[in-house]
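structure21.cif (mmCIF, C-alpha atoms and all ligand atoms; chains and numbers go by the auth columns) appears below.
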data_data
#
loop_
_atom_site.group_PDB
_atom_site.id
_atom_site.type_symbol
_atom_site.label_atom_id
_atom_site.label_comp_id
_atom_site.label_asym_id
_atom_site.label_seq_id
_atom_site.Cartn_x
_atom_site.Cartn_y
_atom_site.Cartn_z
_atom_site.B_iso_or_equiv
_atom_site.auth_seq_id
_atom_site.auth_asym_id
ATOM 1 C CA MET A 1 14.099 -17.422 20.581 0.00 1 D
ATOM 2 C CA ILE A 2 14.077 -14.047 18.849 0.00 2 D
ATOM 3 C CA GLU A 3 17.303 -12.320 17.893 0.00 3 D
ATOM 4 C CA LEU A 4 16.967 -8.547 17.823 0.00 4 D
ATOM 5 C CA PHE A 5 19.471 -6.649 15.689 0.00 5 D
ATOM 6 C CA SER A 6 19.295 -3.139 16.996 0.00 6 D
ATOM 7 C CA ALA A 7 20.784 0.090 18.263 0.00 7 D
ATOM 8 C CA ASP A 8 19.783 2.415 21.095 0.00 8 D
ATOM 9 C CA THR A 9 17.360 4.599 19.116 0.00 9 D
ATOM 10 C CA PRO A 10 13.574 5.189 19.203 0.00 10 D
ATOM 11 C CA ASN A 11 13.001 2.662 16.399 0.00 11 D
ATOM 12 C CA GLY A 12 15.211 0.173 18.216 0.00 12 D
ATOM 13 C CA LYS A 13 13.401 0.707 21.514 0.00 13 D
ATOM 14 C CA LYS A 14 9.995 -0.017 19.972 0.00 14 D
ATOM 15 C CA ILE A 15 10.985 -3.643 19.573 0.00 15 D
ATOM 16 C CA SER A 16 12.793 -4.190 22.874 0.00 16 D
ATOM 17 C CA ILE A 17 9.722 -2.728 24.638 0.00 17 D
ATOM 18 C CA MET A 18 7.389 -5.011 22.664 0.00 18 D
ATOM 19 C CA LEU A 19 9.525 -8.090 23.373 0.00 19 D
ATOM 20 C CA GLU A 20 9.508 -7.262 27.087 0.00 20 D
ATOM 21 C CA GLU A 21 5.764 -6.598 27.071 0.00 21 D
ATOM 22 C CA ILE A 22 4.937 -9.948 25.449 0.00 22 D
ATOM 23 C CA GLY A 23 7.511 -11.818 27.537 0.00 23 D
ATOM 24 C CA PHE A 24 9.296 -13.536 24.641 0.00 24 D
ATOM 25 C CA ASP A 25 12.784 -14.869 25.102 0.00 25 D
ATOM 26 C CA TYR A 26 15.179 -12.706 23.076 0.00 26 D
ATOM 27 C CA LYS A 27 18.780 -11.779 22.650 0.00 27 D
ATOM 28 C CA VAL A 28 20.120 -8.486 21.380 0.00 28 D
ATOM 29 C CA THR A 29 22.811 -8.217 18.718 0.00 29 D
ATOM 30 C CA LYS A 30 24.100 -4.672 18.622 0.00 30 D
ATOM 31 C CA VAL A 31 24.543 -2.998 15.247 0.00 31 D
ATOM 32 C CA ASN A 32 26.972 -0.120 15.672 0.00 32 D
ATOM 33 C CA LEU A 33 25.527 2.557 13.382 0.00 33 D
ATOM 34 C CA SER A 34 28.391 5.007 13.997 0.00 34 D
ATOM 35 C CA ASN A 35 30.843 2.407 12.675 0.00 35 D
ATOM 36 C CA GLY A 36 28.653 1.687 9.637 0.00 36 D
ATOM 37 C CA GLU A 37 27.908 -1.909 10.669 0.00 37 D
ATOM 38 C CA GLN A 38 24.454 -1.539 9.087 0.00 38 D
ATOM 39 C CA PHE A 39 26.200 -1.665 5.695 0.00 39 D
ATOM 40 C CA ASN A 40 27.929 -5.009 6.331 0.00 40 D
ATOM 41 C CA PRO A 41 26.949 -7.460 3.544 0.00 41 D
ATOM 42 C CA ASP A 42 25.730 -10.045 6.071 0.00 42 D
ATOM 43 C CA PHE A 43 23.441 -7.528 7.757 0.00 43 D
ATOM 44 C CA ARG A 44 22.150 -6.281 4.399 0.00 44 D
ATOM 45 C CA LYS A 45 20.930 -9.811 3.666 0.00 45 D
ATOM 46 C CA ILE A 46 18.298 -9.317 6.390 0.00 46 D
ATOM 47 C CA SER A 47 17.923 -5.535 6.087 0.00 47 D
ATOM 48 C CA PRO A 48 17.654 -4.369 2.469 0.00 48 D
ATOM 49 C CA PHE A 49 17.769 -0.652 3.384 0.00 49 D
ATOM 50 C CA SER A 50 20.621 -1.115 5.909 0.00 50 D
ATOM 51 C CA LYS A 51 18.478 -0.066 8.877 0.00 51 D
ATOM 52 C CA ILE A 52 17.811 -1.346 12.346 0.00 52 D
ATOM 53 C CA PRO A 53 15.673 -2.858 13.827 0.00 53 D
ATOM 54 C CA VAL A 54 15.495 -6.356 12.371 0.00 54 D
ATOM 55 C CA ILE A 55 14.459 -9.553 14.117 0.00 55 D
ATOM 56 C CA VAL A 56 15.271 -13.154 13.286 0.00 56 D
ATOM 57 C CA ASP A 57 12.804 -15.673 14.668 0.00 57 D
ATOM 58 C CA HIS A 58 14.830 -18.798 15.360 0.00 58 D
ATOM 59 C CA ALA A 59 11.642 -20.669 16.245 0.00 59 D
ATOM 60 C CA ASN A 60 10.208 -19.949 12.798 0.00 60 D
ATOM 61 C CA GLU A 61 12.821 -21.222 10.347 0.00 61 D
ATOM 62 C CA LYS A 62 15.013 -18.208 11.053 0.00 62 D
ATOM 63 C CA GLU A 63 12.498 -15.877 9.429 0.00 63 D
ATOM 64 C CA ALA A 64 14.038 -12.386 9.208 0.00 64 D
ATOM 65 C CA ILE A 65 11.739 -9.363 9.480 0.00 65 D
ATOM 66 C CA PHE A 66 12.737 -5.742 8.844 0.00 66 D
ATOM 67 C CA GLU A 67 10.735 -2.463 9.348 0.00 67 D
ATOM 68 C CA SER A 68 9.668 -1.782 12.927 0.00 68 D
ATOM 69 C CA GLY A 69 5.944 -1.571 12.093 0.00 69 D
ATOM 70 C CA ALA A 70 6.020 -4.964 10.360 0.00 70 D
ATOM 71 C CA ILE A 71 7.988 -6.411 13.287 0.00 71 D
ATOM 72 C CA LEU A 72 5.427 -5.083 15.789 0.00 72 D
ATOM 73 C CA ILE A 73 2.576 -6.613 13.795 0.00 73 D
ATOM 74 C CA TYR A 74 4.436 -9.933 13.534 0.00 74 D
ATOM 75 C CA LEU A 75 5.095 -10.068 17.282 0.00 75 D
ATOM 76 C CA ALA A 76 1.559 -8.924 18.116 0.00 76 D
ATOM 77 C CA GLU A 77 0.044 -11.648 15.942 0.00 77 D
ATOM 78 C CA LYS A 78 2.427 -14.264 17.298 0.00 78 D
ATOM 79 C CA SER A 79 1.714 -13.355 20.938 0.00 79 D
ATOM 80 C CA ASN A 80 -1.905 -12.347 20.447 0.00 80 D
ATOM 81 C CA LYS A 81 -1.258 -9.164 22.408 0.00 81 D
ATOM 82 C CA PHE A 82 -1.709 -5.407 21.870 0.00 82 D
ATOM 83 C CA TYR A 83 -3.439 -5.847 18.470 0.00 83 D
ATOM 84 C CA ASP A 84 -7.067 -6.623 19.301 0.00 84 D
ATOM 85 C CA LEU A 85 -9.109 -7.699 16.321 0.00 85 D
ATOM 86 C CA LYS A 86 -11.955 -5.320 17.200 0.00 86 D
ATOM 87 C CA ASP A 87 -9.591 -2.300 17.295 0.00 87 D
ATOM 88 C CA ARG A 88 -7.388 -3.382 14.389 0.00 88 D
ATOM 89 C CA LEU A 89 -8.531 -0.786 11.870 0.00 89 D
ATOM 90 C CA LYS A 90 -7.813 2.026 14.348 0.00 90 D
ATOM 91 C CA ILE A 91 -4.529 0.477 15.477 0.00 91 D
ATOM 92 C CA ASN A 92 -3.385 0.198 11.840 0.00 92 D
ATOM 93 C CA GLN A 93 -4.143 3.876 11.213 0.00 93 D
ATOM 94 C CA TRP A 94 -2.230 5.137 14.256 0.00 94 D
ATOM 95 C CA LEU A 95 0.604 2.712 13.594 0.00 95 D
ATOM 96 C CA MET A 96 0.911 3.777 9.936 0.00 96 D
ATOM 97 C CA ALA A 97 0.761 7.448 10.994 0.00 97 D
ATOM 98 C CA GLN A 98 3.682 6.814 13.320 0.00 98 D
ATOM 99 C CA MET A 99 5.647 4.955 10.659 0.00 99 D
ATOM 100 C CA GLY A 100 4.971 7.378 7.814 0.00 100 D
ATOM 101 C CA TYR A 101 4.768 10.710 9.614 0.00 101 D
ATOM 102 C CA VAL A 102 5.559 10.973 13.349 0.00 102 D
ATOM 103 C CA GLY A 103 8.871 9.070 13.225 0.00 103 D
ATOM 104 C CA PRO A 104 10.256 10.429 9.948 0.00 104 D
ATOM 105 C CA MET A 105 9.346 14.062 10.759 0.00 105 D
ATOM 106 C CA ILE A 106 10.631 14.011 14.341 0.00 106 D
ATOM 107 C CA GLY A 107 13.704 12.227 12.971 0.00 107 D
ATOM 108 C CA GLN A 108 14.335 15.245 10.737 0.00 108 D
ATOM 109 C CA HIS A 109 13.830 17.540 13.733 0.00 109 D
ATOM 110 C CA HIS A 110 16.578 15.558 15.514 0.00 110 D
ATOM 111 C CA GLN A 111 18.872 16.091 12.524 0.00 111 D
ATOM 112 C CA PHE A 112 18.383 19.844 12.218 0.00 112 D
ATOM 113 C CA HIS A 113 17.697 20.895 15.805 0.00 113 D
ATOM 114 C CA HIS A 114 19.725 18.447 17.892 0.00 114 D
ATOM 115 C CA TYR A 115 22.621 17.159 15.790 0.00 115 D
ATOM 116 C CA ASN A 116 23.255 19.980 13.309 0.00 116 D
ATOM 117 C CA PRO A 117 21.979 23.319 14.672 0.00 117 D
ATOM 118 C CA GLY A 118 23.044 26.344 12.665 0.00 118 D
ATOM 119 C CA LYS A 119 23.442 24.470 9.379 0.00 119 D
ATOM 120 C CA SER A 120 20.065 25.251 7.842 0.00 120 D
ATOM 121 C CA GLU A 121 17.640 27.857 9.103 0.00 121 D
ATOM 122 C CA PHE A 122 15.001 26.521 6.745 0.00 122 D
ATOM 123 C CA GLY A 123 15.400 22.915 7.955 0.00 123 D
ATOM 124 C CA GLU A 124 15.440 23.929 11.622 0.00 124 D
ATOM 125 C CA GLU A 125 12.304 26.040 11.337 0.00 125 D
ATOM 126 C CA ARG A 126 10.423 23.595 9.157 0.00 126 D
ATOM 127 C CA TYR A 127 10.912 20.548 11.359 0.00 127 D
ATOM 128 C CA PHE A 128 10.537 22.451 14.645 0.00 128 D
ATOM 129 C CA LYS A 129 7.134 23.601 13.413 0.00 129 D
ATOM 130 C CA ILE A 130 6.170 20.083 12.343 0.00 130 D
ATOM 131 C CA ALA A 131 7.381 18.605 15.661 0.00 131 D
ATOM 132 C CA LYS A 132 5.192 21.104 17.544 0.00 132 D
ATOM 133 C CA SER A 133 2.196 20.266 15.401 0.00 133 D
ATOM 134 C CA ILE A 134 2.736 16.545 16.014 0.00 134 D
ATOM 135 C CA TYR A 135 2.737 17.158 19.792 0.00 135 D
ATOM 136 C CA LYS A 136 -0.467 19.181 19.415 0.00 136 D
ATOM 137 C CA ASP A 137 -2.186 16.586 17.226 0.00 137 D
ATOM 138 C CA LEU A 138 -1.243 13.720 19.558 0.00 138 D
ATOM 139 C CA ASP A 139 -2.393 15.790 22.541 0.00 139 D
ATOM 140 C CA GLU A 140 -5.761 16.407 20.886 0.00 140 D
ATOM 141 C CA ARG A 141 -6.209 12.717 20.156 0.00 141 D
ATOM 142 C CA LEU A 142 -5.271 11.726 23.706 0.00 142 D
ATOM 143 C CA GLU A 143 -7.671 14.249 25.168 0.00 143 D
ATOM 144 C CA LYS A 144 -10.468 12.122 23.685 0.00 144 D
ATOM 145 C CA SER A 145 -8.966 8.667 23.907 0.00 145 D
ATOM 146 C CA LYS A 146 -6.978 6.957 26.668 0.00 146 D
ATOM 147 C CA TYR A 147 -4.592 5.362 24.166 0.00 147 D
ATOM 148 C CA LEU A 148 -3.966 6.239 20.532 0.00 148 D
ATOM 149 C CA ALA A 149 -6.227 3.591 19.057 0.00 149 D
ATOM 150 C CA GLY A 150 -8.874 3.579 21.778 0.00 150 D
ATOM 151 C CA GLU A 151 -9.309 2.334 25.331 0.00 151 D
ATOM 152 C CA ASN A 152 -6.584 -0.293 25.081 0.00 152 D
ATOM 153 C CA TYR A 153 -2.802 0.006 25.004 0.00 153 D
ATOM 154 C CA SER A 154 -1.657 -1.258 21.604 0.00 154 D
ATOM 155 C CA ILE A 155 1.290 -1.527 19.227 0.00 155 D
ATOM 156 C CA ALA A 156 0.396 1.982 18.006 0.00 156 D
ATOM 157 C CA ASP A 157 1.349 3.309 21.466 0.00 157 D
ATOM 158 C CA ILE A 158 4.447 1.101 21.582 0.00 158 D
ATOM 159 C CA ALA A 159 5.535 2.535 18.207 0.00 159 D
ATOM 160 C CA THR A 160 4.914 6.170 19.129 0.00 160 D
ATOM 161 C CA TRP A 161 6.018 6.375 22.770 0.00 161 D
ATOM 162 C CA PRO A 162 9.812 5.975 22.185 0.00 162 D
ATOM 163 C CA TRP A 163 9.742 9.027 19.909 0.00 163 D
ATOM 164 C CA ILE A 164 8.156 11.183 22.604 0.00 164 D
ATOM 165 C CA ALA A 165 10.717 9.739 25.015 0.00 165 D
ATOM 166 C CA ARG A 166 13.235 11.914 23.147 0.00 166 D
ATOM 167 C CA HIS A 167 11.274 15.019 24.240 0.00 167 D
ATOM 168 C CA GLN A 168 14.348 16.639 25.801 0.00 168 D
ATOM 169 C CA TRP A 169 15.901 16.859 22.329 0.00 169 D
ATOM 170 C CA HIS A 170 12.744 18.427 20.903 0.00 170 D
ATOM 171 C CA ASP A 171 12.462 21.538 23.087 0.00 171 D
ATOM 172 C CA VAL A 172 8.735 21.598 22.388 0.00 172 D
ATOM 173 C CA GLY A 173 7.817 21.528 26.098 0.00 173 D
ATOM 174 C CA LEU A 174 6.061 18.220 26.728 0.00 174 D
ATOM 175 C CA LYS A 175 4.620 19.516 30.031 0.00 175 D
ATOM 176 C CA ASP A 176 2.446 21.977 28.132 0.00 176 D
ATOM 177 C CA TYR A 177 0.606 19.134 26.416 0.00 177 D
ATOM 178 C CA LYS A 178 -1.410 17.736 29.305 0.00 178 D
ATOM 179 C CA SER A 179 -3.050 14.715 27.684 0.00 179 D
ATOM 180 C CA LEU A 180 0.141 13.712 25.874 0.00 180 D
ATOM 181 C CA THR A 181 2.056 14.005 29.159 0.00 181 D
ATOM 182 C CA LYS A 182 -0.504 11.877 30.993 0.00 182 D
ATOM 183 C CA TRP A 183 -0.255 9.174 28.302 0.00 183 D
ATOM 184 C CA TYR A 184 3.547 9.433 28.298 0.00 184 D
ATOM 185 C CA LEU A 185 3.809 9.009 32.077 0.00 185 D
ATOM 186 C CA ASP A 186 1.267 6.196 32.151 0.00 186 D
ATOM 187 C CA ILE A 187 3.322 4.203 29.631 0.00 187 D
ATOM 188 C CA ALA A 188 6.612 5.249 31.265 0.00 188 D
ATOM 189 C CA SER A 189 5.445 3.634 34.507 0.00 189 D
ATOM 190 C CA ARG A 190 4.943 0.190 32.939 0.00 190 D
ATOM 191 C CA GLU A 191 7.529 -2.206 34.310 0.00 191 D
ATOM 192 C CA LYS A 192 8.210 -3.802 30.904 0.00 192 D
ATOM 193 C CA VAL A 193 8.560 -0.427 29.218 0.00 193 D
ATOM 194 C CA ILE A 194 11.178 0.568 31.805 0.00 194 D
ATOM 195 C CA LYS A 195 13.035 -2.669 31.082 0.00 195 D
ATOM 196 C CA GLY A 196 12.725 -2.390 27.299 0.00 196 D
ATOM 197 C CA TYR A 197 13.802 1.255 27.372 0.00 197 D
ATOM 198 C CA SER A 198 17.159 0.385 28.915 0.00 198 D
ATOM 199 C CA PHE A 199 17.799 -2.674 26.740 0.00 199 D
ATOM 200 C CA MET A 200 21.211 -1.448 25.631 0.00 200 D
ATOM 201 C CA ASP A 201 22.222 0.699 28.552 0.00 201 D
ATOM 202 C CA LYS A 202 21.079 -0.634 31.899 0.00 202 D
ATOM 203 C CA GLU A 203 21.814 2.750 33.513 0.00 203 D
ATOM 204 C CA SER A 204 19.581 4.756 31.171 0.00 204 D
ATOM 205 C CA LYS A 205 16.475 6.219 32.748 0.00 205 D
ATOM 206 C CA ILE A 206 13.281 7.348 31.037 0.00 206 D
ATOM 207 C CA PRO A 207 13.397 11.167 30.867 0.00 207 D
ATOM 208 C CA LEU A 208 10.496 12.756 32.728 0.00 208 D
ATOM 209 C CA PRO A 209 8.895 15.985 31.514 0.00 209 D
HETATM 210 N N1 LIG B . 11.201 2.758 8.765 0.00 1 C
HETATM 211 C C1 LIG B . 12.284 2.097 9.449 0.00 1 C
HETATM 212 C C2 LIG B . 13.298 3.135 9.881 0.00 1 C
HETATM 213 C C3 LIG B . 14.484 2.515 10.538 0.00 1 C
HETATM 214 C C4 LIG B . 15.587 3.519 10.761 0.00 1 C
HETATM 215 O O1 LIG B . 15.564 4.651 10.249 0.00 1 C
HETATM 216 N N2 LIG B . 16.595 3.093 11.502 0.00 1 C
HETATM 217 C C5 LIG B . 17.734 3.944 11.762 0.00 1 C
HETATM 218 C C6 LIG B . 18.022 4.029 13.256 0.00 1 C
HETATM 219 S S1 LIG B . 16.614 4.643 14.137 0.00 1 C
HETATM 220 C C7 LIG B . 18.967 3.362 11.103 0.00 1 C
HETATM 221 O O2 LIG B . 19.121 2.156 11.066 0.00 1 C
HETATM 222 N N3 LIG B . 19.834 4.222 10.580 0.00 1 C
HETATM 223 C C8 LIG B . 21.068 3.813 9.996 0.00 1 C
HETATM 224 C C9 LIG B . 21.351 4.529 8.713 0.00 1 C
HETATM 225 O O3 LIG B . 20.470 5.244 8.218 0.00 1 C
HETATM 226 O O4 LIG B . 22.456 4.374 8.194 0.00 1 C
HETATM 227 C C10 LIG B . 11.730 1.339 10.666 0.00 1 C
HETATM 228 O O5 LIG B . 10.820 1.863 11.299 0.00 1 C
HETATM 229 O O6 LIG B . 12.215 0.226 10.966 0.00 1 C
#

Translate this structure into structure tokens?
Amino acid sequence: MIELFSADTPNGKKISIMLEEIGFDYKVTKVNLSNGEQFNPDFRKISPFSKIPVIVDHANEKEAIFESGAILIYLAEKSNKFYDLKDRLKINQWLMAQMGYVGPMIGQHHQFHHYNPGKSEFGEERYFKIAKSIYKDLDERLEKSKYLAGENYSIADIATWPWIARHQWHDVGLKDYKSLTKWYLDIASREKVIKGYSFMDKESKIPLP
């Protein structure tokens, strides 16, 4: 059994979606970020940077794994799903691009545009521009390729999709990016994605463009 320490955020959703997709038995332990539970000494033992998500694999000597990309790779290798050997080099590139660029930059856009508008014109403009360019770059990739790393759905898509699922916060206009929208809706229609999306709030629905 896998224990998922998480919160209802894009990084948190990556792992609930993956666990649903691979059909592993798991339980969710909520970490209340607004109350600062991520800084509790017990949680910091398994999460050195005080971040969710983290998993503990009770079937593997209670191995604790932090960083969503590392967790996705661990679960993909353990289940032998969504990380095909023949596509691995491409999957790694799109996964690392999500981890190092797409997530952190869109995360900043959330901070300046959604949570704190009016605080910094520079920050708002900078991250709005970057968010738009990320939509454009993903759209260009998906014009040529069904999924990010090729013809098959992979952990690179599972890592990236929950960030685009916050499109209503971005105000970039997802509808205008046809290939990105097609990819988004295709993944949004997967039964396990729908289940993983609402892992903390059964009433929550995937926002459509
Ligand atoms: N690179 C990390 C980022 C994790 C991350 O930023 N988690 C956020 C929620 S999405 C968090 O735990 N924030 C709490 C805090 O910063 O205090 C990953 O992908 O796992």

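Shortest separation to ligand LIG 1 (chain C) among D:Ser204, D:Thr160, D:Asn60, D:Asn92 occurs at residue D:Thr160, atoms counted being only C-alpha atoms and all ligand atoms.
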
* To do: List the residues selected by the PyMOL selection byres (((chain D and resi 19-28) around 7) and not hetatm) in the file shown, writing them as a VMD selection string.
  => chain D and resid 1 to 6 15 to 18 29 to 30 79 81 192 196

* To do: Let me have all residues with an atom within 9 Å of ligand LIG 1 (chain C), counting all atoms listed in the file, laid out as a VMD selection string.
  => chain D and resid 6 to 14 31 33 to 34 36 to 39 49 to 54 66 to 71 98 to 100 103 to 104 107 159

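The closest residue to Tyr135 of chain D, picked from D:Ser179, D:Asn116, D:Ser198, D:Ser189 and counting all atoms listed in the file, is D:Ser179.
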
* **Reference answer for the PyMOL selection byres (((chain D and resi 166-173) around 12) and not hetatm), as JSON, numbers by chain** => {"D": [8, 9, 10, 11, 13, 103, 105, 106, 107, 108, 109, 110, 111, 112, 113, 114, 115, 117, 124, 127, 128, 129, 130, 131, 132, 133, 134, 135, 136, 160, 161, 162, 163, 164, 165, 174, 175, 176, 177, 178, 180, 181, 184, 197, 205, 206, 207, 208, 209]}

* Residues in the PyMOL selection byres (((chain D and resi 146-154) around 12) and not hetatm), expressed as a PyMOL selection string -> chain D and resi 14+17-18+21-22+72-73+75-77+80-98+137-145+155-161+179-184+186-187+190

* Interatomic distance between atom CA of Lys45 of chain D and atom CA of Ala59 of chain D? -> 19.0 Å

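As for atom CA of Asn40 of chain D and atom CA of Glu203 of chain D, they are spaced 28.9 Å apart.
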
* **Point-to-point distance from atom CA of Asp42 of chain D to atom CA of Val56 of chain D, Å rounded to tenths** => 13.1 Å

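In terms of minimum interatomic distance to Ile46 of chain D, D:Glu63 ranks closest within D:Lys78, D:Arg126, D:Glu63, D:Leu185, counting only C-alpha atoms.
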